[in-house]
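What follows is a short report on a single structure.
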Amino acid sequence: MAHGQSAPKIARIAALAGGVGAAKFLRGLALCVGQQRLDVVVNTADDEEFYGLRVCPDLDTVIYTLGAVANPRTGWGIARDTFATLGALARFYGRPWFALGDRDFATHLFRTSRLREGAALSEVTAEIASKFAVRARVMPMSDEPVRTFITVRGSAPMPFQEYLVRSRARGRVERIEFHGLKRARALPAAVAALKNAAAVIIAPSNPLVSVAPMLEFGAIKAALRSACERAAAISPIVAGRPVKGPLDRMMRGLGHEVSVLGVARLYRKLVSVFVIDHADRRYAQAIAELGFKPVVTDTIMRTPLRAARLAETVLRALNFGG
Ligand code: GDP
């Protein structure tokens with residue numbers, strides 16, 4: 001390169017991500033454009049403390065998947081992990097309800113000790129990602145804690161993991177709240193990544209508990225709004241149902257229509273492209289009427305190759321030249 005010339009700027013892609021659904025998509029996206037180009041902003045509102053350790057399920061799922069060590073059967077945790085520590089802890093704490101593998105524990109121990117030393121969550125996350133040879137930039141939505149609480153009919157508000165895992169998402173969801181937002185600030189690097197990206201993608205994640213906490217930050221919402229023309233979202237609802245998880249119960253409970261249209265309404269003015277499955281093609285016209293460019297394709301990511309095809313379709317719809 002001639003002296004004085006600056007290096008050509010490589011177009012980057014930013015994504016908003018929850019856990020397993022998002023991670024599968026990101027692996028496909030990485031197959032298309034390479035991990036180095038990805039800035040991934042991850043929900044941390046479903047973080048929880050177990051045995052005094054800070055566990056960040058969505059961050060870890062994204063890192064383990066991009067680091068190619070995720071358990072392929074569950075989508076979360078580490079492949080071929082063992083559970084001896086959890087078994088031994090039962091002596092002191094009683095029967096566990098949240099599965100943490102032995103290798104997985106190492107991540108939580110490292111994270112917790114670094115946080116205790118005063119490191120920021122974003123700093124520790126970058127360290128963990130690099131130890132798993134992840135080349136995408138994986139960032140928490142905030143360095144400060146935010147916590148999702150779910151209220152089901154007849155019970156007091158429960159922290160998210162208690163609702164999802166301990167009580168298996170039973171009951172009628174009446175309320176979803178995010179605690180700690182007043183004291184939290186969106187990660188500045190995440191906001192900058194969204195603003196500077198050539199394409200922004202809301203991964204197929206739960207809009208009410210994985211994406212909503214990120215959009216609660218004014219700075220993230222504003223960055224997405226300003227990127228709307230180059231932004232897309234992929235529906236986590238396929239054929240009128242979530243591919244997995246309790247999204248249908250949450251949507252119904254909060255009065256949203258359980259369909260791709262119900263999800264699209266949540267992303268109005270934030271993205272211009274809305275991606276739905278062939279199974280929901282009859283909604284394409286209604287989605288166009290909401291102001292989106294509808295894209296109809298295969299959205300079930302059974303294999304990394306299928307996820308890569310989906311990512312390619314999304315990038316094409318956004319005219320991402322790279
Ligand atoms: P987690 O995976 O439960 O940690 O949480 P996420 O917020 O990532 O969301 C899971 C959502 O992703 C669910 O609502 C699923 O319906 C959706 N999902 C999972 N796998 C797929 C898939 O292959 N295709 C699509 N379109 N959505 C998916």
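Every chain in the structure tokens takes a letter, A first, then B, and so on in the order presented; its residues are numbered from 1, and the ligands are numbered from 1 following the presented order.
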
7 Å contact set for region 204-206 of chain A, only C-alpha atoms, chain neighbours under 5 positions out, as a ChimeraX atom specification = /A:17-18,21-22,211,234-236,247

message = I'd like the interatomic distance between CA of Trp97 (chain A) and CA of Arg175 (chain A), to a tenth of an Å.
response =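 CA of Arg175 (chain A) lies 23.2 Å from CA of Trp97 (chain A).
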
DSSP strand (DSSP E or B) selection over region 7-143 of chain A, as a ChimeraX atom specification = /A:13-17,38-42,48-50,53-55,70,78,137-140,142

Print the selection's residues with N, CA, C and O atoms to a file, as a short mmCIF file (atom, residue, chain, number, x, y, z; two decimals), in the first residue's frame.
data_model
loop_
_atom_site.label_atom_id
_atom_site.label_comp_id
_atom_site.auth_asym_id
_atom_site.auth_seq_id
_atom_site.Cartn_x
_atom_site.Cartn_y
_atom_site.Cartn_z
N ILE A 13 -20.50 -6.41 9.93
CA ILE A 13 -21.90 -6.75 10.15
C ILE A 13 -22.13 -6.82 11.65
O ILE A 13 -21.34 -7.45 12.37
N ALA A 14 -23.17 -6.15 12.12
CA ALA A 14 -23.49 -6.21 13.55
C ALA A 14 -24.75 -7.04 13.73
O ALA A 14 -25.66 -6.99 12.90
N ALA A 15 -24.79 -7.80 14.81
CA ALA A 15 -25.98 -8.61 15.09
C ALA A 15 -26.40 -8.43 16.53
O ALA A 15 -25.57 -8.23 17.41
N LEU A 16 -27.71 -8.48 16.74
CA LEU A 16 -28.26 -8.53 18.10
C LEU A 16 -28.63 -9.99 18.35
O LEU A 16 -29.34 -10.59 17.54
N ALA A 17 -28.16 -10.53 19.47
CA ALA A 17 -28.30 -11.97 19.67
C ALA A 17 -28.78 -12.35 21.05
O ALA A 17 -28.38 -11.75 22.05
N LEU A 38 -17.63 -9.81 12.16
CA LEU A 38 -18.87 -9.76 12.94
C LEU A 38 -18.70 -9.07 14.29
O LEU A 38 -17.76 -9.33 15.03
N ASP A 39 -19.65 -8.19 14.58
CA ASP A 39 -19.78 -7.58 15.91
C ASP A 39 -21.10 -8.10 16.48
O ASP A 39 -22.16 -7.82 15.94
N VAL A 40 -21.01 -8.87 17.55
CA VAL A 40 -22.22 -9.50 18.08
C VAL A 40 -22.55 -8.90 19.45
O VAL A 40 -21.74 -8.96 20.38
N VAL A 41 -23.73 -8.29 19.53
CA VAL A 41 -24.19 -7.69 20.78
C VAL A 41 -25.16 -8.69 21.42
O VAL A 41 -26.14 -9.08 20.80
N VAL A 42 -24.85 -9.10 22.64
CA VAL A 42 -25.57 -10.23 23.23
C VAL A 42 -26.37 -9.80 24.47
O VAL A 42 -25.87 -9.03 25.31
N GLU A 48 -27.46 -15.19 35.48
CA GLU A 48 -27.87 -15.61 36.83
C GLU A 48 -26.62 -15.95 37.64
O GLU A 48 -25.56 -16.21 37.05
N GLU A 49 -26.77 -15.93 38.94
CA GLU A 49 -25.66 -16.37 39.78
C GLU A 49 -25.98 -17.76 40.33
O GLU A 49 -27.07 -17.98 40.86
N PHE A 50 -25.04 -18.68 40.14
CA PHE A 50 -25.17 -20.03 40.71
C PHE A 50 -23.91 -20.34 41.49
O PHE A 50 -22.80 -20.14 40.98
N LEU A 53 -21.21 -17.93 41.37
CA LEU A 53 -20.54 -17.67 40.08
C LEU A 53 -21.48 -16.96 39.12
O LEU A 53 -22.68 -17.27 39.05
N ARG A 54 -20.92 -16.06 38.36
CA ARG A 54 -21.73 -15.34 37.37
C ARG A 54 -21.83 -16.17 36.09
O ARG A 54 -20.81 -16.45 35.45
N VAL A 55 -23.04 -16.56 35.76
CA VAL A 55 -23.30 -17.36 34.57
C VAL A 55 -24.01 -16.47 33.55
O VAL A 55 -25.00 -15.82 33.88
N ALA A 70 -19.62 -26.09 21.22
CA ALA A 70 -20.96 -26.22 21.82
C ALA A 70 -21.47 -27.65 21.69
O ALA A 70 -21.14 -28.37 20.75
N ILE A 78 -21.03 -27.31 26.74
CA ILE A 78 -19.87 -27.74 25.97
C ILE A 78 -20.02 -29.22 25.59
O ILE A 78 -20.46 -30.03 26.41
N ARG A 137 -16.26 -10.28 17.23
CA ARG A 137 -16.22 -9.48 18.46
C ARG A 137 -17.54 -9.71 19.19
O ARG A 137 -18.60 -9.31 18.70
N VAL A 138 -17.48 -10.38 20.32
CA VAL A 138 -18.68 -10.71 21.08
C VAL A 138 -18.75 -9.77 22.27
O VAL A 138 -17.80 -9.67 23.05
N MET A 139 -19.88 -9.06 22.39
CA MET A 139 -20.00 -8.03 23.44
C MET A 139 -21.29 -8.20 24.23
O MET A 139 -22.34 -8.47 23.64
N PRO A 140 -21.23 -7.99 25.54
CA PRO A 140 -22.49 -7.94 26.29
C PRO A 140 -23.20 -6.63 25.96
O PRO A 140 -22.55 -5.65 25.59
N SER A 142 -24.36 -4.62 27.91
CA SER A 142 -24.01 -3.61 28.93
C SER A 142 -22.99 -4.22 29.88
O SER A 142 -22.94 -5.44 30.04
#

task = Give the alpha helix (DSSP H) residues of region 169-198 of chain A, as DSSP finds them on the backbone, and put them as an NGL selection string.
result = :A and (188-196)

Output of the above residues as a tab-separated table (two decimals), in the first residue's frame, restricted to N, CA, C and O atoms:
chain	number	residue	atom	x	y	z
A	188	PRO	N	-20.88	1.21	25.12
A	188	PRO	CA	-20.60	2.15	24.03
A	188	PRO	C	-20.07	1.47	22.76
A	188	PRO	O	-20.44	1.85	21.65
A	189	ALA	N	-19.24	0.43	22.93
A	189	ALA	CA	-18.70	-0.27	21.74
A	189	ALA	C	-19.81	-0.97	20.96
A	189	ALA	O	-19.73	-1.11	19.73
A	190	ALA	N	-20.84	-1.41	21.68
A	190	ALA	CA	-21.96	-2.07	21.00
A	190	ALA	C	-22.75	-1.05	20.19
A	190	ALA	O	-23.13	-1.31	19.04
A	191	VAL	N	-22.98	0.10	20.78
A	191	VAL	CA	-23.71	1.16	20.08
A	191	VAL	C	-22.93	1.59	18.84
A	191	VAL	O	-23.48	1.72	17.74
A	192	ALA	N	-21.62	1.76	19.01
A	192	ALA	CA	-20.78	2.18	17.88
A	192	ALA	C	-20.81	1.11	16.77
A	192	ALA	O	-20.90	1.44	15.59
A	193	ALA	N	-20.77	-0.16	17.16
A	193	ALA	CA	-20.77	-1.24	16.16
A	193	ALA	C	-22.06	-1.20	15.35
A	193	ALA	O	-22.05	-1.36	14.13
A	194	LEU	N	-23.19	-0.96	16.04
A	194	LEU	CA	-24.48	-0.91	15.33
A	194	LEU	C	-24.51	0.28	14.36
A	194	LEU	O	-25.01	0.19	13.24
A	195	LYS	N	-23.96	1.40	14.83
A	195	LYS	CA	-23.99	2.61	14.00
A	195	LYS	C	-23.10	2.47	12.77
A	195	LYS	O	-23.41	2.97	11.70
A	196	ASN	N	-21.96	1.81	12.95
A	196	ASN	CA	-20.97	1.77	11.87
A	196	ASN	C	-21.13	0.59	10.93
A	196	ASN	O	-20.44	0.51	9.91

request  = Would you please work out which residue, of A:Glu229, A:Asp47, A:Glu257, A:Glu289, is nearest to Phe320 (chain A) when using only C-alpha atoms?
outcome  =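 Smallest separation from Phe320 (chain A) among the options: A:Glu229.
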
Counting only C-alpha atoms, the option among A:Leu59, A:Ala30, A:Ala68, A:Leu266 closest to Leu208 (chain A) =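 Closest candidate: A:Leu266.
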
inquiry  = Nearest residue to ligand 1 out of A:Ala219, A:Val243, A:Val275, A:Ala120, using only C-alpha atoms and all ligand atoms?
reply    =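 So, comparing all the options, the nearest one is A:Val243.
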
ask   = For ligand 1, which of A:Gly28, A:Gly291, A:Gly118, A:Gly94 is the closest residue, counting only C-alpha atoms and all ligand atoms?
value = A:Gly28

query = What is the CA of Lys293 (chain A) to CA of Val273 (chain A) distance in Å?
reply = 4.7 Å

ask   = Suppose you want the space between CA of Arg230 (chain A) and CA of Ala199 (chain A); what is it in Å?
value = 5.2 Å

request  = For each of A:Ser122, A:Met250, A:Leu290, A:Val238, take the minimum atom-to-atom distance to ligand 1, counting only C-alpha atoms and all ligand atoms, then give the residue where this is smallest.
outcome  = A:Val238
